[in-house]
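Data file: coords07.cif. Format and content: mmCIF, C-alpha atoms.
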```
data_query
#
loop_
_atom_site.label_atom_id
_atom_site.label_comp_id
_atom_site.auth_asym_id
_atom_site.auth_seq_id
_atom_site.Cartn_x
_atom_site.Cartn_y
_atom_site.Cartn_z
CA MET A 227 15.64 -54.45 -6.97
CA PHE A 228 18.90 -54.43 -8.87
CA THR A 229 22.01 -52.66 -7.62
CA THR A 230 25.11 -51.85 -9.64
CA VAL A 231 27.97 -53.87 -8.12
CA TRP A 232 30.73 -53.25 -10.68
CA THR A 233 31.45 -50.70 -13.41
CA ALA A 234 34.05 -49.67 -15.96
CA SER A 235 33.71 -46.36 -17.79
CA PRO A 236 33.61 -46.78 -21.60
CA GLN A 237 36.34 -45.24 -23.74
CA LEU A 238 36.94 -44.58 -27.43
CA PRO A 239 38.99 -47.32 -29.16
CA SER A 240 42.57 -46.11 -29.05
CA GLU A 241 46.19 -47.15 -28.85
CA GLY A 242 46.12 -46.41 -25.14
CA PHE A 243 48.81 -46.89 -22.53
CA THR A 244 49.45 -50.58 -23.26
CA PRO A 245 48.77 -52.89 -26.23
CA ASN A 246 45.08 -53.73 -26.53
CA TRP A 247 42.52 -55.10 -28.97
CA SER A 248 40.17 -52.11 -29.15
CA ARG A 249 41.08 -50.95 -32.65
CA GLU A 250 41.23 -54.39 -34.26
CA GLY A 251 38.13 -55.73 -32.51
CA PHE A 252 37.09 -59.39 -32.60
CA TRP A 253 36.05 -61.94 -35.23
CA ARG A 254 35.19 -65.64 -34.75
CA GLN A 255 36.64 -65.32 -31.27
CA SER A 256 35.59 -65.58 -27.65
CA LEU A 257 36.51 -62.98 -25.05
CA ARG A 258 36.62 -63.78 -21.33
CA GLN A 259 36.75 -60.98 -18.76
CA VAL A 260 37.04 -61.15 -14.99
CA VAL A 261 35.54 -58.57 -12.63
CA ARG A 262 35.44 -58.33 -8.83
CA LEU A 263 31.98 -57.54 -7.46
CA SER A 264 31.51 -55.11 -4.58
CA ALA A 265 28.18 -56.59 -3.42
CA GLY A 266 26.38 -59.90 -3.84
CA GLY A 267 23.05 -61.35 -4.82
CA ASP A 268 21.28 -64.39 -6.24
CA ARG A 269 20.70 -63.05 -9.75
CA VAL A 270 22.87 -60.95 -12.02
CA ARG A 271 22.63 -59.09 -15.30
CA VAL A 272 25.28 -57.31 -17.37
CA ARG A 273 25.39 -54.10 -19.40
CA LEU A 274 27.28 -54.08 -22.67
CA SER A 275 28.21 -50.69 -24.13
CA HIS A 276 29.11 -49.71 -27.68
CA ALA A 277 29.11 -45.99 -26.85
CA TYR A 278 31.75 -45.23 -29.48
CA GLY A 279 30.65 -47.65 -32.19
CA THR A 280 29.63 -46.50 -35.65
CA SER A 281 27.83 -49.74 -36.57
CA PRO A 282 26.04 -52.46 -34.57
CA VAL A 283 27.99 -55.29 -32.92
CA ARG A 284 26.55 -58.80 -32.91
CA ILE A 285 26.96 -60.90 -29.76
CA ALA A 286 26.47 -64.50 -30.89
CA GLY A 287 26.40 -65.80 -27.31
CA ALA A 288 27.35 -64.93 -23.77
CA SER A 289 27.89 -66.71 -20.47
CA ALA A 290 28.63 -65.67 -16.90
CA GLY A 291 30.14 -67.68 -14.10
CA SER A 292 31.75 -67.79 -10.68
CA ALA A 293 33.66 -70.44 -8.74
CA GLY A 294 34.00 -72.72 -11.75
CA THR A 295 30.39 -72.42 -12.92
CA SER A 296 29.01 -71.21 -16.25
CA THR A 297 25.50 -69.91 -16.99
CA ARG A 298 24.31 -68.86 -20.44
CA LEU A 299 22.97 -65.33 -20.70
CA THR A 300 19.93 -64.30 -22.71
CA PHE A 301 18.75 -60.98 -24.09
CA GLU A 302 14.96 -60.52 -24.14
CA GLY A 303 14.82 -64.32 -24.09
CA ALA A 304 17.18 -64.82 -27.04
CA PRO A 305 20.69 -66.34 -26.82
CA ASP A 306 22.16 -63.62 -29.02
CA THR A 307 21.80 -59.88 -29.41
CA GLU A 308 23.04 -56.83 -31.22
CA ILE A 309 24.49 -53.77 -29.49
CA PRO A 310 23.40 -50.73 -31.50
CA ALA A 311 25.93 -48.15 -32.59
CA ARG A 312 26.46 -45.63 -29.77
CA GLY A 313 24.11 -47.67 -27.57
CA GLU A 314 24.01 -50.44 -25.00
CA VAL A 315 22.13 -53.64 -24.20
CA VAL A 316 21.24 -55.20 -20.86
CA SER A 317 21.05 -58.96 -20.47
CA ASP A 318 18.18 -60.74 -18.81
CA ALA A 319 18.76 -61.53 -15.15
CA VAL A 320 20.03 -65.08 -14.61
CA PRO A 321 20.38 -67.16 -11.43
CA LEU A 322 23.99 -66.82 -10.28
CA ALA A 323 24.76 -66.58 -6.58
CA VAL A 324 27.64 -64.15 -6.00
CA ALA A 325 29.09 -62.63 -2.84
CA ALA A 326 30.73 -59.30 -2.14
CA GLY A 327 34.40 -59.47 -3.06
CA GLU A 328 33.88 -62.48 -5.33
CA SER A 329 35.07 -62.56 -8.93
CA MET A 330 32.71 -63.17 -11.84
CA THR A 331 33.64 -64.07 -15.40
CA LEU A 332 31.85 -62.89 -18.51
CA THR A 333 32.47 -64.64 -21.82
CA LEU A 334 31.30 -63.18 -25.13
CA TYR A 335 31.40 -64.95 -28.49
CA PHE A 336 31.62 -62.93 -31.72
CA ASP A 337 30.84 -64.86 -34.93
CA THR A 338 31.09 -61.78 -37.14
CA ALA A 339 33.63 -58.95 -37.20
CA THR A 340 32.96 -56.34 -34.53
CA GLY A 341 35.10 -53.54 -35.91
CA PRO A 342 36.71 -51.24 -33.34
CA ALA A 343 35.51 -52.07 -29.82
CA THR A 344 34.36 -49.66 -27.13
CA PHE A 345 36.60 -50.53 -24.18
CA HIS A 346 38.13 -49.52 -20.86
CA ALA A 347 41.85 -49.18 -21.33
CA GLN A 348 43.33 -49.92 -17.91
CA ALA A 349 41.77 -52.90 -16.15
CA PHE A 350 44.79 -53.92 -14.06
CA THR A 351 43.55 -57.48 -14.43
CA THR A 352 43.76 -59.98 -17.27
CA SER A 353 41.18 -60.53 -20.03
CA MET A 354 41.59 -63.49 -22.38
CA ARG A 355 40.85 -64.17 -26.04
CA GLY A 356 40.64 -67.42 -27.99
CA GLY A 357 39.45 -68.70 -31.35
CA GLY A 358 35.94 -70.09 -31.79
CA ASN A 359 33.05 -70.53 -29.40
CA LEU A 360 34.45 -70.96 -25.88
CA LEU A 361 31.34 -70.05 -23.91
CA ASP A 362 31.41 -73.33 -21.98
CA ASP A 363 35.19 -73.55 -21.57
CA VAL A 364 35.09 -73.19 -17.78
CA ASP A 365 38.78 -74.00 -17.31
CA GLY A 366 39.89 -71.44 -19.88
CA GLU A 367 42.19 -73.85 -21.71
CA GLY A 368 41.10 -72.59 -25.14
CA PHE A 369 42.14 -69.00 -24.51
CA ASP A 370 45.60 -68.21 -25.85
CA ALA A 371 45.98 -64.40 -25.75
CA ALA A 372 45.83 -61.87 -22.91
CA SER A 373 45.08 -58.17 -22.49
CA GLU A 374 44.81 -55.81 -19.53
CA SER A 375 41.71 -54.01 -20.79
CA TRP A 376 37.95 -54.60 -20.61
CA TYR A 377 35.85 -54.61 -23.80
CA PHE A 378 32.13 -53.76 -24.23
CA LEU A 379 31.41 -54.65 -20.58
CA SER A 380 30.38 -51.52 -18.66
CA ALA A 381 28.44 -52.77 -15.63
CA VAL A 382 27.29 -55.76 -13.61
CA GLU A 383 24.10 -55.52 -11.56
CA ALA A 384 22.85 -57.93 -8.87
CA ASP A 385 19.54 -58.25 -7.04
CA ALA A 386 21.17 -56.98 -3.87
CA GLY A 387 18.32 -54.60 -3.11
CA ARG A 388 20.85 -51.96 -2.04
CA THR A 389 20.51 -48.20 -2.48
CA ASP A 390 23.67 -47.15 -0.62
CA GLY A 391 26.22 -47.47 -3.44
CA VAL A 392 29.24 -45.16 -3.56
CA ALA A 393 30.65 -44.02 -6.91
CA LEU A 394 34.29 -42.94 -7.10
CA PHE A 395 34.67 -40.49 -9.99
CA GLY A 396 38.12 -39.58 -11.20
CA ASP A 397 41.23 -40.31 -13.24
CA SER A 398 44.09 -42.82 -12.96
CA LEU A 399 44.21 -42.51 -9.18
CA THR A 400 40.66 -43.89 -9.07
CA ASP A 401 41.22 -46.30 -11.97
CA GLY A 402 44.01 -47.92 -9.94
CA PHE A 403 47.28 -47.00 -11.62
CA GLY A 404 50.13 -47.91 -9.27
CA SER A 405 48.23 -50.72 -7.56
CA THR A 406 49.39 -54.31 -8.03
CA PRO A 407 47.79 -55.77 -11.21
CA GLY A 408 45.52 -58.70 -10.50
CA ALA A 409 45.49 -58.08 -6.75
CA ASP A 410 42.32 -55.92 -6.54
CA ARG A 411 43.99 -53.29 -4.37
CA ARG A 412 42.56 -50.21 -6.02
CA TRP A 413 41.08 -47.47 -3.85
CA SER A 414 37.59 -48.71 -4.78
CA ASP A 415 38.29 -52.36 -3.84
CA THR A 416 39.52 -51.44 -0.38
CA LEU A 417 36.68 -48.98 0.23
CA ALA A 418 34.11 -51.68 -0.57
CA ARG A 419 35.77 -54.06 1.88
CA LEU A 420 35.98 -51.47 4.65
CA THR A 421 32.42 -50.14 4.33
CA GLY A 422 30.47 -53.19 3.20
CA ARG A 423 28.79 -50.94 0.63
CA PRO A 424 28.66 -51.36 -3.15
CA VAL A 425 31.47 -49.23 -4.58
CA LEU A 426 31.62 -48.30 -8.26
CA ASN A 427 34.88 -47.35 -9.93
CA ALA A 428 34.19 -44.61 -12.48
CA GLY A 429 37.83 -43.67 -13.01
CA ILE A 430 39.59 -43.33 -16.37
CA GLY A 431 43.37 -43.04 -16.58
CA GLY A 432 44.32 -39.60 -17.86
CA ASN A 433 40.77 -38.26 -17.59
CA LEU A 434 40.14 -34.53 -17.28
CA LEU A 435 37.38 -32.52 -15.68
CA LEU A 436 37.15 -29.87 -18.43
CA ASN A 437 38.41 -31.32 -21.72
CA ASP A 438 37.74 -34.38 -23.91
CA SER A 439 40.57 -36.60 -25.09
CA SER A 440 40.97 -39.31 -27.71
CA TRP A 441 42.93 -41.43 -25.21
CA TYR A 442 41.62 -40.34 -21.85
CA GLY A 443 37.85 -40.31 -22.30
CA GLU A 444 35.15 -37.68 -22.36
CA LYS A 445 35.52 -34.81 -19.90
CA GLY A 446 34.13 -35.38 -16.45
CA VAL A 447 31.34 -32.83 -16.69
CA HIS A 448 29.96 -34.70 -19.73
CA ARG A 449 30.34 -38.35 -18.69
CA LEU A 450 28.96 -38.18 -15.14
CA ARG A 451 25.40 -39.11 -16.14
CA ARG A 452 26.38 -42.12 -18.23
CA ASP A 453 29.01 -43.45 -15.83
CA VAL A 454 27.36 -42.74 -12.46
CA LEU A 455 23.92 -41.12 -12.39
CA ASP A 456 22.26 -43.71 -14.63
CA ARG A 457 23.55 -46.63 -12.50
CA PRO A 458 20.90 -48.06 -10.14
CA GLY A 459 21.53 -48.25 -6.41
CA THR A 460 23.98 -45.36 -5.93
CA ASP A 461 23.42 -42.56 -3.40
CA THR A 462 26.88 -40.99 -2.97
CA LEU A 463 29.39 -39.48 -5.38
CA VAL A 464 33.06 -39.08 -4.40
CA VAL A 465 35.02 -36.68 -6.65
CA LEU A 466 38.81 -36.86 -7.06
CA LEU A 467 39.53 -35.28 -10.43
CA GLY A 468 41.61 -32.41 -11.78
CA LEU A 469 45.32 -33.24 -11.55
CA ASN A 470 45.54 -33.82 -15.29
CA ASP A 471 43.73 -30.58 -16.14
CA ILE A 472 46.27 -28.74 -13.98
CA GLY A 473 49.38 -30.76 -14.82
CA PHE A 474 49.25 -31.77 -18.48
CA SER A 475 50.48 -28.34 -19.57
CA GLU A 476 53.65 -28.93 -17.50
CA THR A 477 54.56 -32.27 -19.09
CA ASP A 478 57.00 -32.63 -21.96
CA GLU A 479 54.83 -34.95 -24.02
CA GLN A 480 51.15 -35.85 -24.06
CA PRO A 481 49.76 -37.82 -27.00
CA THR A 482 46.47 -35.94 -27.30
CA TYR A 483 47.37 -32.35 -26.40
CA LYS A 484 50.03 -30.32 -28.22
CA PRO A 485 50.03 -27.94 -26.47
CA ALA A 486 47.83 -28.90 -23.51
CA PRO A 487 45.27 -26.34 -22.33
CA VAL A 488 46.45 -24.13 -19.46
CA VAL A 489 43.63 -23.83 -16.93
CA GLU A 490 43.04 -21.50 -13.98
CA ALA A 491 41.48 -22.24 -10.61
CA ASP A 492 38.22 -20.48 -11.42
CA GLU A 493 37.72 -22.76 -14.43
CA MET A 494 38.28 -25.81 -12.23
CA VAL A 495 35.84 -24.53 -9.63
CA ALA A 496 33.18 -24.03 -12.31
CA GLY A 497 33.68 -27.64 -13.38
CA TYR A 498 33.36 -28.94 -9.82
CA ARG A 499 30.20 -26.90 -9.33
CA GLU A 500 28.75 -28.48 -12.45
CA LEU A 501 29.48 -31.99 -11.12
CA ILE A 502 27.88 -31.07 -7.78
CA ARG A 503 24.83 -29.62 -9.55
CA GLN A 504 24.31 -32.72 -11.70
CA ALA A 505 24.81 -35.11 -8.78
CA ARG A 506 22.39 -33.31 -6.50
CA GLN A 507 19.84 -33.09 -9.27
CA GLY A 508 20.18 -36.88 -9.46
CA GLY A 509 19.58 -37.23 -5.72
CA LEU A 510 23.19 -38.00 -4.73
CA ARG A 511 25.23 -36.61 -1.86
CA VAL A 512 28.66 -35.39 -2.94
CA LEU A 513 31.98 -35.82 -1.16
CA GLY A 514 34.92 -33.83 -2.48
CA CYS A 515 38.56 -34.90 -2.18
CA THR A 516 41.47 -32.49 -2.26
CA LEU A 517 44.06 -33.21 -4.95
CA LEU A 518 47.00 -35.33 -3.86
CA PRO A 519 50.51 -33.80 -3.57
CA PHE A 520 52.47 -34.20 -6.81
CA ALA A 521 55.69 -32.19 -6.58
CA GLY A 522 58.54 -33.96 -8.33
CA SER A 523 56.23 -35.57 -10.90
CA ASP A 524 56.05 -34.68 -14.58
CA HIS A 525 52.79 -32.79 -13.80
CA TRP A 526 54.50 -30.33 -11.46
CA GLY A 527 55.53 -26.78 -12.31
CA GLU A 528 55.07 -23.22 -11.13
CA HIS A 529 51.60 -22.79 -12.64
CA ALA A 530 50.40 -26.24 -11.60
CA ALA A 531 51.56 -25.60 -8.04
CA LYS A 532 49.66 -22.30 -7.86
CA VAL A 533 46.42 -23.69 -9.28
CA SER A 534 46.48 -26.87 -7.19
CA HIS A 535 46.92 -24.85 -4.00
CA GLU A 536 44.01 -22.59 -4.94
CA VAL A 537 41.78 -25.51 -5.93
CA ASN A 538 42.49 -27.45 -2.74
CA GLU A 539 41.76 -24.41 -0.60
CA TRP A 540 38.38 -24.03 -2.34
CA ILE A 541 37.55 -27.73 -1.85
CA ARG A 542 38.42 -27.48 1.87
CA CYS A 543 36.77 -24.19 2.69
CA SER A 544 33.97 -23.39 0.25
CA GLY A 545 31.34 -25.55 1.95
CA GLU A 546 29.92 -26.51 -1.44
CA TYR A 547 30.50 -30.25 -1.00
CA ASP A 548 28.44 -32.18 1.53
CA ALA A 549 31.71 -33.40 3.04
CA VAL A 550 35.44 -33.29 2.29
CA VAL A 551 38.30 -35.76 2.61
CA ASP A 552 41.58 -33.86 2.74
CA LEU A 553 43.73 -36.32 0.84
CA GLN A 554 46.38 -33.69 0.14
CA ARG A 555 47.25 -33.35 3.82
CA LEU A 556 46.73 -37.04 4.55
CA MET A 557 49.06 -38.25 1.78
CA ALA A 558 51.75 -35.55 2.03
CA ASP A 559 55.37 -36.00 2.99
CA PRO A 560 55.68 -34.42 6.48
CA ARG A 561 58.92 -32.76 5.34
CA ASP A 562 57.34 -31.26 2.19
CA PRO A 563 53.52 -30.91 1.94
CA ASP A 564 53.72 -30.61 -1.84
CA ARG A 565 55.24 -34.09 -2.20
CA LEU A 566 53.59 -37.48 -1.89
CA HIS A 567 54.72 -39.35 1.22
CA PRO A 568 57.55 -41.73 0.19
CA ALA A 569 55.81 -44.66 1.90
CA TYR A 570 52.77 -44.15 -0.35
CA ASP A 571 54.56 -43.30 -3.62
CA PHE A 572 54.34 -45.79 -6.49
CA GLY A 573 57.54 -44.28 -7.82
CA ASP A 574 56.46 -41.49 -10.14
CA HIS A 575 55.62 -38.97 -7.35
CA LEU A 576 52.08 -38.84 -8.73
CA HIS A 577 50.35 -42.18 -8.10
CA PRO A 578 49.98 -44.03 -4.79
CA ASN A 579 51.05 -47.63 -4.28
CA ASP A 580 48.89 -50.31 -2.62
CA GLU A 581 49.57 -48.89 0.83
CA GLY A 582 48.69 -45.38 -0.31
CA TYR A 583 45.38 -46.48 -1.81
CA GLU A 584 44.54 -48.25 1.45
CA VAL A 585 45.16 -45.06 3.42
CA MET A 586 42.90 -43.14 1.03
CA ALA A 587 40.16 -45.75 1.41
CA GLU A 588 40.42 -45.77 5.20
CA ALA A 589 39.99 -42.00 5.41
CA THR A 590 37.08 -42.04 2.96
CA ALA A 591 35.39 -44.88 4.85
CA LEU A 592 35.62 -42.94 8.09
CA ARG A 593 34.10 -39.87 6.43
CA LEU A 594 31.26 -41.92 4.94
CA GLN A 595 30.56 -43.65 8.25
CA GLY A 596 30.51 -40.30 10.02
CA ARG A 597 27.17 -39.62 8.33
CA TRP A 598 28.52 -36.35 6.94
#
```
Final structure tokens representation of the file:
Amino acid sequence: MFTTVWTASPQLPSEGFTPNWSREGFWRQSLRQVVRLSAGGDRVRVRLSHAYGTSPVRIAGASAGSAGTSTRLTFEGAPDTEIPARGEVVSDAVPLAVAAGESMTLTLYFDTATGPATFHAQAFTTSMRGGGNLLDDVDGEGFDAASESWYFLSAVEADAGRTDGVALFGDSLTDGFGSTPGADRRWSDTLARLTGRPVLNAGIGGNLLLNDSSWYGEKGVHRLRRDVLDRPGTDTLVVLLGLNDIGFSETDEQPTYKPAPVVEADEMVAGYRELIRQARQGGLRVLGCTLLPFAGSDHWGEHAAKVSHEVNEWIRCSGEYDAVVDLQRLMADPRDPDRLHPAYDFGDHLHPNDEGYEVMAEATALRLQGRW
């Protein structure tokens, strides 16, 4: 039985936060991507998504590897495949022994132009590009360009036989903004290490619960099925989403909202209830997290303060989640509960640093191990 051991939520090709290759795509090039797996197995398969493509993308070849190895992938027995527009393909399972916490590489070769590429904007790890067919270039010497995004790759599954996966669903705080790039110190990485369970990161930087965005992905209530419920091996959903819905209207500049929608607490609660409904219909237990303190950030203002207080009180007291982790109180400055603790602050008063993400993971692990 296959278990999802890594994910990245697909996004529309866009300029994004940092330079990337999503709009230009690839042609006569190889793309190598590195992912850290949260559980192991003896066989793996990969999912390639072209959720936002308007025409098919040809994959001329693919290989996967770990610890200096390289294994060619096949698709229904063939060495090449085509990802349909707005669709996905799943490779055949191949023998590749991987362990929890180990990195795996995926290399794709494109012999024809892909056009704009469905991608995940913020990987916080390096992907590489090089000319020609580099599927067997184990050392990576032929790759001469770098990007901090993932392209087409949406999931890795292993024959772990696990059904206790945990999906973290959220925005940049789940995606890992503020953690050290290349160090695998996101909230999800630490939670996998502490619990020994497969942990899926379904965060998108800038994502909103209630509204779509050309940069920040589809709204949470619409993408939950694709990014979590359809992934095999998951039994728990952890929700930390809503700061952008509440705070974007307070910021001076946002590239996709002019002006940003102003939302009220009852709208947020309706969105959370929809996530809970979908998750339970899919057989998942749901853990809710209160929103982190964010006073002093560009998201803070009188209205945002009011709504965040109301939302957090509902998360704590409504009883509608199966369990709650009170991250707001855990991460707050003791001298000002509306501010992020200075020891956990990345520097923008909104995102945690490595130490902050570890504290979040420790509290969540304890809640998960408490059997609700």
Seminar exercise, completed: In terms of all atoms listed in the file, the residue from A:Met354, A:Ala290, A:Ala569, A:Ala349 at minimal distance from Arg412 in chain A is A:Ala349
For this session: For the structure provided, state which residues fall under the PyMOL selection byres ((chain A and resi 267) around 7), and present them as a PyMOL selection string.
Result: chain A and resi 266+268-269+323-325+384-386
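Against the coordinates shown, the PyMOL selection byres ((chain A and resi 574-582) around 8) returns Ser398, Leu399, Phe403, Gly404, Ser405, Thr406, Arg411, Arg412, Leu518, Pro519, Phe520, Ala521, Gly522, Ser523, His525, Met557, Arg565, Leu566, Ala569, Tyr570, Asp571, Phe572, Gly573, Tyr583, Glu584, Val585 and Met586 of chain A.
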Report as a PDB file with C-alpha atoms, in the coordinates of the input the full result of the PyMOL selection byres ((chain A and resi 400) around 12) when it is applied to this structure.
```
ATOM      1  CA  ALA A 234      34.050 -49.670 -15.960  1.00  0.00           C
ATOM      2  CA  SER A 235      33.710 -46.360 -17.790  1.00  0.00           C
ATOM      3  CA  GLN A 348      43.330 -49.920 -17.910  1.00  0.00           C
ATOM      4  CA  ALA A 349      41.770 -52.900 -16.150  1.00  0.00           C
ATOM      5  CA  PHE A 350      44.790 -53.920 -14.060  1.00  0.00           C
ATOM      6  CA  ALA A 393      30.650 -44.020  -6.910  1.00  0.00           C
ATOM      7  CA  LEU A 394      34.290 -42.940  -7.100  1.00  0.00           C
ATOM      8  CA  PHE A 395      34.670 -40.490  -9.990  1.00  0.00           C
ATOM      9  CA  GLY A 396      38.120 -39.580 -11.200  1.00  0.00           C
ATOM     10  CA  ASP A 397      41.230 -40.310 -13.240  1.00  0.00           C
ATOM     11  CA  SER A 398      44.090 -42.820 -12.960  1.00  0.00           C
ATOM     12  CA  LEU A 399      44.210 -42.510  -9.180  1.00  0.00           C
ATOM     13  CA  ASP A 401      41.220 -46.300 -11.970  1.00  0.00           C
ATOM     14  CA  GLY A 402      44.010 -47.920  -9.940  1.00  0.00           C
ATOM     15  CA  PHE A 403      47.280 -47.000 -11.620  1.00  0.00           C
ATOM     16  CA  GLY A 404      50.130 -47.910  -9.270  1.00  0.00           C
ATOM     17  CA  SER A 405      48.230 -50.720  -7.560  1.00  0.00           C
ATOM     18  CA  ARG A 411      43.990 -53.290  -4.370  1.00  0.00           C
ATOM     19  CA  ARG A 412      42.560 -50.210  -6.020  1.00  0.00           C
ATOM     20  CA  TRP A 413      41.080 -47.470  -3.850  1.00  0.00           C
ATOM     21  CA  SER A 414      37.590 -48.710  -4.780  1.00  0.00           C
ATOM     22  CA  ASP A 415      38.290 -52.360  -3.840  1.00  0.00           C
ATOM     23  CA  THR A 416      39.520 -51.440  -0.380  1.00  0.00           C
ATOM     24  CA  LEU A 417      36.680 -48.980   0.230  1.00  0.00           C
ATOM     25  CA  VAL A 425      31.470 -49.230  -4.580  1.00  0.00           C
ATOM     26  CA  LEU A 426      31.620 -48.300  -8.260  1.00  0.00           C
ATOM     27  CA  ASN A 427      34.880 -47.350  -9.930  1.00  0.00           C
ATOM     28  CA  ALA A 428      34.190 -44.610 -12.480  1.00  0.00           C
ATOM     29  CA  GLY A 429      37.830 -43.670 -13.010  1.00  0.00           C
ATOM     30  CA  ILE A 430      39.590 -43.330 -16.370  1.00  0.00           C
ATOM     31  CA  GLY A 431      43.370 -43.040 -16.580  1.00  0.00           C
ATOM     32  CA  GLY A 432      44.320 -39.600 -17.860  1.00  0.00           C
ATOM     33  CA  ASN A 433      40.770 -38.260 -17.590  1.00  0.00           C
ATOM     34  CA  VAL A 464      33.060 -39.080  -4.400  1.00  0.00           C
ATOM     35  CA  VAL A 465      35.020 -36.680  -6.650  1.00  0.00           C
ATOM     36  CA  LEU A 466      38.810 -36.860  -7.060  1.00  0.00           C
ATOM     37  CA  LEU A 467      39.530 -35.280 -10.430  1.00  0.00           C
ATOM     38  CA  GLY A 468      41.610 -32.410 -11.780  1.00  0.00           C
ATOM     39  CA  LEU A 469      45.320 -33.240 -11.550  1.00  0.00           C
ATOM     40  CA  CYS A 515      38.560 -34.900  -2.180  1.00  0.00           C
ATOM     41  CA  LEU A 517      44.060 -33.210  -4.950  1.00  0.00           C
ATOM     42  CA  LEU A 518      47.000 -35.330  -3.860  1.00  0.00           C
ATOM     43  CA  HIS A 577      50.350 -42.180  -8.100  1.00  0.00           C
ATOM     44  CA  PRO A 578      49.980 -44.030  -4.790  1.00  0.00           C
ATOM     45  CA  GLY A 582      48.690 -45.380  -0.310  1.00  0.00           C
ATOM     46  CA  TYR A 583      45.380 -46.480  -1.810  1.00  0.00           C
ATOM     47  CA  MET A 586      42.900 -43.140   1.030  1.00  0.00           C
ATOM     48  CA  ALA A 587      40.160 -45.750   1.410  1.00  0.00           C
TER      49      ALA A 587
END
```
Listed atoms of range 406-416 of chain A boxed axis-aligned with 8 Å per side, centre + edges as JSON:
```
{"center_x": 43.5, "center_y": -53.1, "center_z": -5.8, "size_x": 27.8, "size_y": 27.2, "size_z": 26.8}
```
Problem set entry | Within 8 Å of range 540-556 of chain A using only C-alpha atoms, minus same-chain residues under 2 positions, as a count of residues only | 22
Problem set entry | Residue neighbourhood Arg258 in chain A, 10 Å, only C-alpha atoms, exclusion window fewer than 3 positions, as JSON, numbers by chain | {"A": [288, 289, 290, 331, 332, 333, 334, 335, 352, 353, 354, 355, 356, 360, 361, 363, 366, 369, 372, 376, 377]}
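Distance annotation: of A:Asn437, A:Thr244, A:Gln255, A:Thr421, the residue with the minimal separation from Phe336 in chain A is A:Gln255; atom set is only C-alpha atoms.
Residues in contact with Glu476 in chain A at up to 7 Å, not including ones fewer than 6 positions away on its chain and judged by all atoms listed in the file, are A:Asp524, A:His525, A:Trp526, A:Gly527.
With all atoms listed in the file as the basis for measurement, A:Glu493 is the residue among A:Leu322, A:Leu379, A:Ala339, A:Glu493 that approaches Val533 in chain A most closely.
Note that CA of Asp306 in chain A and CA of Gly279 in chain A are 18.4 Å apart.
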Exercise. Quick one, how far is CA of Ser534 in chain A from CA of Phe474 in chain A?
Worked result: 12.6 Å
Distance table requested - range 275-352 of chain A against range 446-454 of chain A, cut-off 12 Å, all atoms listed in the file: one row per qualifying residue with the closest atom pair and its distance in Å to one decimal, ordered by chain and rising residue number, as a tab-separated table.
```
residue	atom	partner	partner_atom	distance
A:Ser275	CA	A:Arg452	CA	10.6
A:Ala277	CA	A:Arg452	CA	9.8
A:Gly313	CA	A:Arg452	CA	11.1
A:Glu314	CA	A:Arg452	CA	11.0
```
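Using all atoms listed in the file, the shortest contact distance between Ala304 in chain A and any of A:Asp390, A:Asp318, A:Glu479, A:Glu444 is found at A:Asp318.
Separating CA of Arg419 in chain A from CA of Ala326 in chain A is a distance of 8.3 Å.
Between Gln237 in chain A and the candidates A:Ala496, A:Leu435, A:Ala381, A:Ala347, the tightest atom-to-atom separation, counting only C-alpha atoms, involves A:Ala347.
With only C-alpha atoms as the atoms that count, the minimum distance from Gly443 in chain A to the choices A:Arg271, A:Ser375, A:Gln259, A:Pro236 is reached by A:Pro236.
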